file input-v7.cif (mmCIF, C-alpha atoms)
data_start
loop_
_atom_site.label_atom_id
_atom_site.label_comp_id
_atom_site.auth_asym_id
_atom_site.auth_seq_id
_atom_site.Cartn_x
_atom_site.Cartn_y
_atom_site.Cartn_z
CA MET A 68 -12.55 6.89 5.25
CA HIS A 69 -12.66 3.44 3.72
CA GLU A 70 -11.35 0.50 5.71
CA ARG A 71 -8.63 -0.02 3.10
CA GLU A 72 -7.37 3.55 3.61
CA LEU A 73 -7.21 2.95 7.35
CA ILE A 74 -5.28 -0.28 6.89
CA ILE A 75 -2.81 1.34 4.47
CA ASN A 76 -2.30 4.20 6.91
CA GLU A 77 -1.71 1.83 9.84
CA LEU A 78 0.77 -0.18 7.78
CA ALA A 79 2.63 2.99 6.80
CA GLN A 80 2.86 4.06 10.45
CA GLY A 81 4.06 0.65 11.63
CA MET A 82 0.88 0.10 13.63
CA ARG A 83 0.27 -3.16 11.75
CA PRO A 84 2.99 -5.64 10.81
CA ILE A 85 3.83 -5.83 7.12
CA PRO A 86 3.12 -9.60 6.89
CA GLN A 87 -0.41 -8.88 8.11
CA GLY A 88 -0.77 -6.25 5.38
CA VAL A 89 0.54 -8.63 2.73
CA ALA A 90 -1.95 -11.30 3.82
CA TRP A 91 -4.78 -8.74 3.81
CA PHE A 92 -3.86 -7.56 0.30
CA ALA A 93 -3.51 -11.12 -1.03
CA GLY A 94 -6.98 -11.95 0.28
CA LEU A 95 -8.64 -9.14 -1.67
CA ALA A 96 -10.37 -9.60 -5.00
CA GLU A 97 -8.39 -8.33 -7.98
CA ASP A 98 -10.58 -5.27 -8.44
CA GLU A 99 -10.16 -4.35 -4.77
CA GLN A 100 -6.39 -4.82 -5.06
CA ARG A 101 -6.39 -2.36 -7.94
CA LEU A 102 -8.26 0.18 -5.80
CA VAL A 103 -5.73 -0.25 -3.00
CA LEU A 104 -2.84 0.30 -5.40
CA ARG A 105 -4.48 3.42 -6.85
CA GLU A 106 -5.03 4.83 -3.35
CA LEU A 107 -1.49 3.98 -2.35
CA THR A 108 -0.22 5.81 -5.43
CA LEU A 109 -2.23 8.89 -4.47
CA PHE A 110 -0.89 8.74 -0.91
CA CYS A 111 2.67 8.55 -2.24
CA LEU A 112 2.08 11.54 -4.50
CA GLN A 113 0.61 13.54 -1.62
CA ALA A 114 3.59 12.64 0.56
CA ARG A 115 5.95 13.64 -2.26
CA ALA A 116 7.68 10.28 -2.18
CA THR A 117 11.00 10.13 -3.99
CA GLN A 118 12.44 7.40 -6.20
CA GLN A 119 14.61 6.38 -3.24
CA ASP A 120 11.49 6.03 -1.07
CA ALA A 121 9.90 3.82 -3.72
CA GLU A 122 12.99 1.62 -4.02
CA GLU A 123 13.15 1.19 -0.25
CA ALA A 124 9.44 0.36 -0.09
CA LEU A 125 9.81 -2.26 -2.81
CA ALA A 126 12.80 -3.81 -1.09
CA ARG A 127 10.99 -3.95 2.26
CA SER A 128 7.78 -5.35 0.74
CA GLY A 129 9.33 -8.33 -0.97
CA ILE A 130 7.34 -7.52 -4.12
CA ARG A 131 9.02 -8.46 -7.38
CA ARG A 132 10.09 -5.57 -9.60
CA THR A 133 7.82 -6.05 -12.60
#

call {"tool": "encode", "arguments": {"input": "input-v7.cif", "output": "structure tokens"}}
result
Amino acid sequence: MHERELIINELAQGMRPIPQGVAWFAGLAEDEQRLVLRELTLFCLQARATQQDAEEALARSGIRRT
């Protein structure tokens, strides 16, 4: 398991605070950020996330809807 997968998992389980995750993500190079987003997408598909789950996640993250 890659460190980024572990961090994503800990964030999802509430084991790490979201601001720490945001800072971690912001500190990554752009290509690494893309890998994280791809992995996160795969995790969401595996978890069978719904549109409502996605909307809640966006609201909680503070990410702009673009």

call {"tool": "residues_around", "arguments": {"input": "input-v7.cif", "residues": "Ile130 (chain A)", "least_positions_apart": "2", "cutoff": "12 Å", "atoms": "all atoms listed in the file", "output": "ChimeraX atom specification"}}
result
/A:85-86,89,93,121-128,132-133

call {"tool": "resolve_selection", "arguments": {"input": "input-v7.cif", "expression": "the PyMOL selection byres ((chain A and resi 107) around 12)", "output": "short mmCIF file (atom, residue, chain, number, x, y, z; two decimals) with C-alpha atoms, in the frame of the given file"}}
result
data_model
loop_
_atom_site.label_atom_id
_atom_site.label_comp_id
_atom_site.auth_asym_id
_atom_site.auth_seq_id
_atom_site.Cartn_x
_atom_site.Cartn_y
_atom_site.Cartn_z
CA ARG A 71 -8.63 -0.02 3.10
CA GLU A 72 -7.37 3.55 3.61
CA LEU A 73 -7.21 2.95 7.35
CA ILE A 74 -5.28 -0.28 6.89
CA ILE A 75 -2.81 1.34 4.47
CA ASN A 76 -2.30 4.20 6.91
CA LEU A 78 0.77 -0.18 7.78
CA ALA A 79 2.63 2.99 6.80
CA GLN A 100 -6.39 -4.82 -5.06
CA ARG A 101 -6.39 -2.36 -7.94
CA LEU A 102 -8.26 0.18 -5.80
CA VAL A 103 -5.73 -0.25 -3.00
CA LEU A 104 -2.84 0.30 -5.40
CA ARG A 105 -4.48 3.42 -6.85
CA GLU A 106 -5.03 4.83 -3.35
CA THR A 108 -0.22 5.81 -5.43
CA LEU A 109 -2.23 8.89 -4.47
CA PHE A 110 -0.89 8.74 -0.91
CA CYS A 111 2.67 8.55 -2.24
CA LEU A 112 2.08 11.54 -4.50
CA GLN A 113 0.61 13.54 -1.62
CA ALA A 114 3.59 12.64 0.56
CA ALA A 116 7.68 10.28 -2.18
CA ALA A 121 9.90 3.82 -3.72
CA ALA A 124 9.44 0.36 -0.09
#

call {"tool": "atom_distance", "arguments": {"input": "input-v7.cif", "atom1": "CA of Gly88 (chain A)", "atom2": "CA of Arg131 (chain A)"}}
result
16.2 Å

call {"tool": "atom_distance", "arguments": {"input": "input-v7.cif", "atom1": "CA of Arg115 (chain A)", "atom2": "CA of Gln80 (chain A)"}}
result
16.2 Å

call {"tool": "atom_distance", "arguments": {"input": "input-v7.cif", "atom1": "CA of Phe92 (chain A)", "atom2": "CA of Asp120 (chain A)"}}
result
20.5 Å

call {"tool": "axis_aligned_box", "arguments": {"input": "input-v7.cif", "around": "region 95-107 of chain A", "padding_each_side": "5 Å", "output": "lines of an AutoDock Vina configuration file"}}
result
center_x = -6.0
center_y = -2.4
center_z = -5.1
size_x = 19.1
size_y = 24.4
size_z = 16.8

call {"tool": "build_atoms", "arguments": {"input": "input-v7.cif", "residues": "region 92-114 of chain A", "atoms": "N, CA and C atoms", "output": "mmCIF file, in the frame of the given file"}}
result
data_model
loop_
_atom_site.group_PDB
_atom_site.id
_atom_site.type_symbol
_atom_site.label_atom_id
_atom_site.label_comp_id
_atom_site.auth_asym_id
_atom_site.auth_seq_id
_atom_site.Cartn_x
_atom_site.Cartn_y
_atom_site.Cartn_z
ATOM 1 N N PHE A 92 -3.841 -7.911 1.722
ATOM 2 C CA PHE A 92 -3.860 -7.560 0.300
ATOM 3 C C PHE A 92 -4.075 -8.797 -0.561
ATOM 4 N N ALA A 93 -3.394 -9.879 -0.249
ATOM 5 C CA ALA A 93 -3.510 -11.120 -1.030
ATOM 6 C C ALA A 93 -4.925 -11.686 -0.972
ATOM 7 N N GLY A 94 -5.620 -11.430 0.117
ATOM 8 C CA GLY A 94 -6.980 -11.950 0.280
ATOM 9 C C GLY A 94 -8.049 -11.131 -0.410
ATOM 10 N N LEU A 95 -7.669 -9.995 -0.989
ATOM 11 C CA LEU A 95 -8.640 -9.140 -1.670
ATOM 12 C C LEU A 95 -8.893 -9.631 -3.087
ATOM 13 N N ALA A 96 -10.082 -9.331 -3.588
ATOM 14 C CA ALA A 96 -10.370 -9.600 -5.000
ATOM 15 C C ALA A 96 -9.496 -8.691 -5.855
ATOM 16 N N GLU A 97 -9.282 -9.096 -7.102
ATOM 17 C CA GLU A 97 -8.390 -8.330 -7.980
ATOM 18 C C GLU A 97 -8.830 -6.885 -8.135
ATOM 19 N N ASP A 98 -10.118 -6.645 -8.267
ATOM 20 C CA ASP A 98 -10.580 -5.270 -8.440
ATOM 21 C C ASP A 98 -10.336 -4.432 -7.184
ATOM 22 N N GLU A 99 -10.449 -5.041 -6.027
ATOM 23 C CA GLU A 99 -10.160 -4.350 -4.770
ATOM 24 C C GLU A 99 -8.664 -4.089 -4.636
ATOM 25 N N GLN A 100 -7.838 -5.033 -5.073
ATOM 26 C CA GLN A 100 -6.390 -4.820 -5.060
ATOM 27 C C GLN A 100 -6.017 -3.628 -5.934
ATOM 28 N N ARG A 101 -6.657 -3.493 -7.062
ATOM 29 C CA ARG A 101 -6.390 -2.360 -7.940
ATOM 30 C C ARG A 101 -6.754 -1.034 -7.260
ATOM 31 N N LEU A 102 -7.871 -1.022 -6.535
ATOM 32 C CA LEU A 102 -8.260 0.180 -5.800
ATOM 33 C C LEU A 102 -7.227 0.529 -4.732
ATOM 34 N N VAL A 103 -6.743 -0.476 -4.031
ATOM 35 C CA VAL A 103 -5.730 -0.250 -3.000
ATOM 36 C C VAL A 103 -4.475 0.340 -3.625
ATOM 37 N N LEU A 104 -4.041 -0.203 -4.746
ATOM 38 C CA LEU A 104 -2.840 0.300 -5.400
ATOM 39 C C LEU A 104 -3.020 1.724 -5.899
ATOM 40 N N ARG A 105 -4.202 2.043 -6.413
ATOM 41 C CA ARG A 105 -4.480 3.420 -6.850
ATOM 42 C C ARG A 105 -4.412 4.376 -5.650
ATOM 43 N N GLU A 106 -5.045 3.977 -4.543
ATOM 44 C CA GLU A 106 -5.030 4.830 -3.350
ATOM 45 C C GLU A 106 -3.617 4.988 -2.817
ATOM 46 N N LEU A 107 -2.865 3.916 -2.822
ATOM 47 C CA LEU A 107 -1.490 3.980 -2.350
ATOM 48 C C LEU A 107 -0.666 4.922 -3.218
ATOM 49 N N THR A 108 -0.908 4.884 -4.520
ATOM 50 C CA THR A 108 -0.220 5.810 -5.430
ATOM 51 C C THR A 108 -0.557 7.252 -5.090
ATOM 52 N N LEU A 109 -1.822 7.531 -4.844
ATOM 53 C CA LEU A 109 -2.230 8.890 -4.470
ATOM 54 C C LEU A 109 -1.579 9.323 -3.162
ATOM 55 N N PHE A 110 -1.519 8.413 -2.195
ATOM 56 C CA PHE A 110 -0.890 8.740 -0.910
ATOM 57 C C PHE A 110 0.588 9.071 -1.111
ATOM 58 N N CYS A 111 1.252 8.309 -1.972
ATOM 59 C CA CYS A 111 2.670 8.550 -2.240
ATOM 60 C C CYS A 111 2.867 9.910 -2.912
ATOM 61 N N LEU A 112 1.986 10.243 -3.844
ATOM 62 C CA LEU A 112 2.080 11.540 -4.500
ATOM 63 C C LEU A 112 1.857 12.682 -3.510
ATOM 64 N N GLN A 113 0.892 12.517 -2.618
ATOM 65 C CA GLN A 113 0.610 13.540 -1.620
ATOM 66 C C GLN A 113 1.785 13.709 -0.664
ATOM 67 N N ALA A 114 2.461 12.610 -0.374
ATOM 68 C CA ALA A 114 3.590 12.640 0.560
ATOM 69 C C ALA A 114 4.876 13.089 -0.145
#
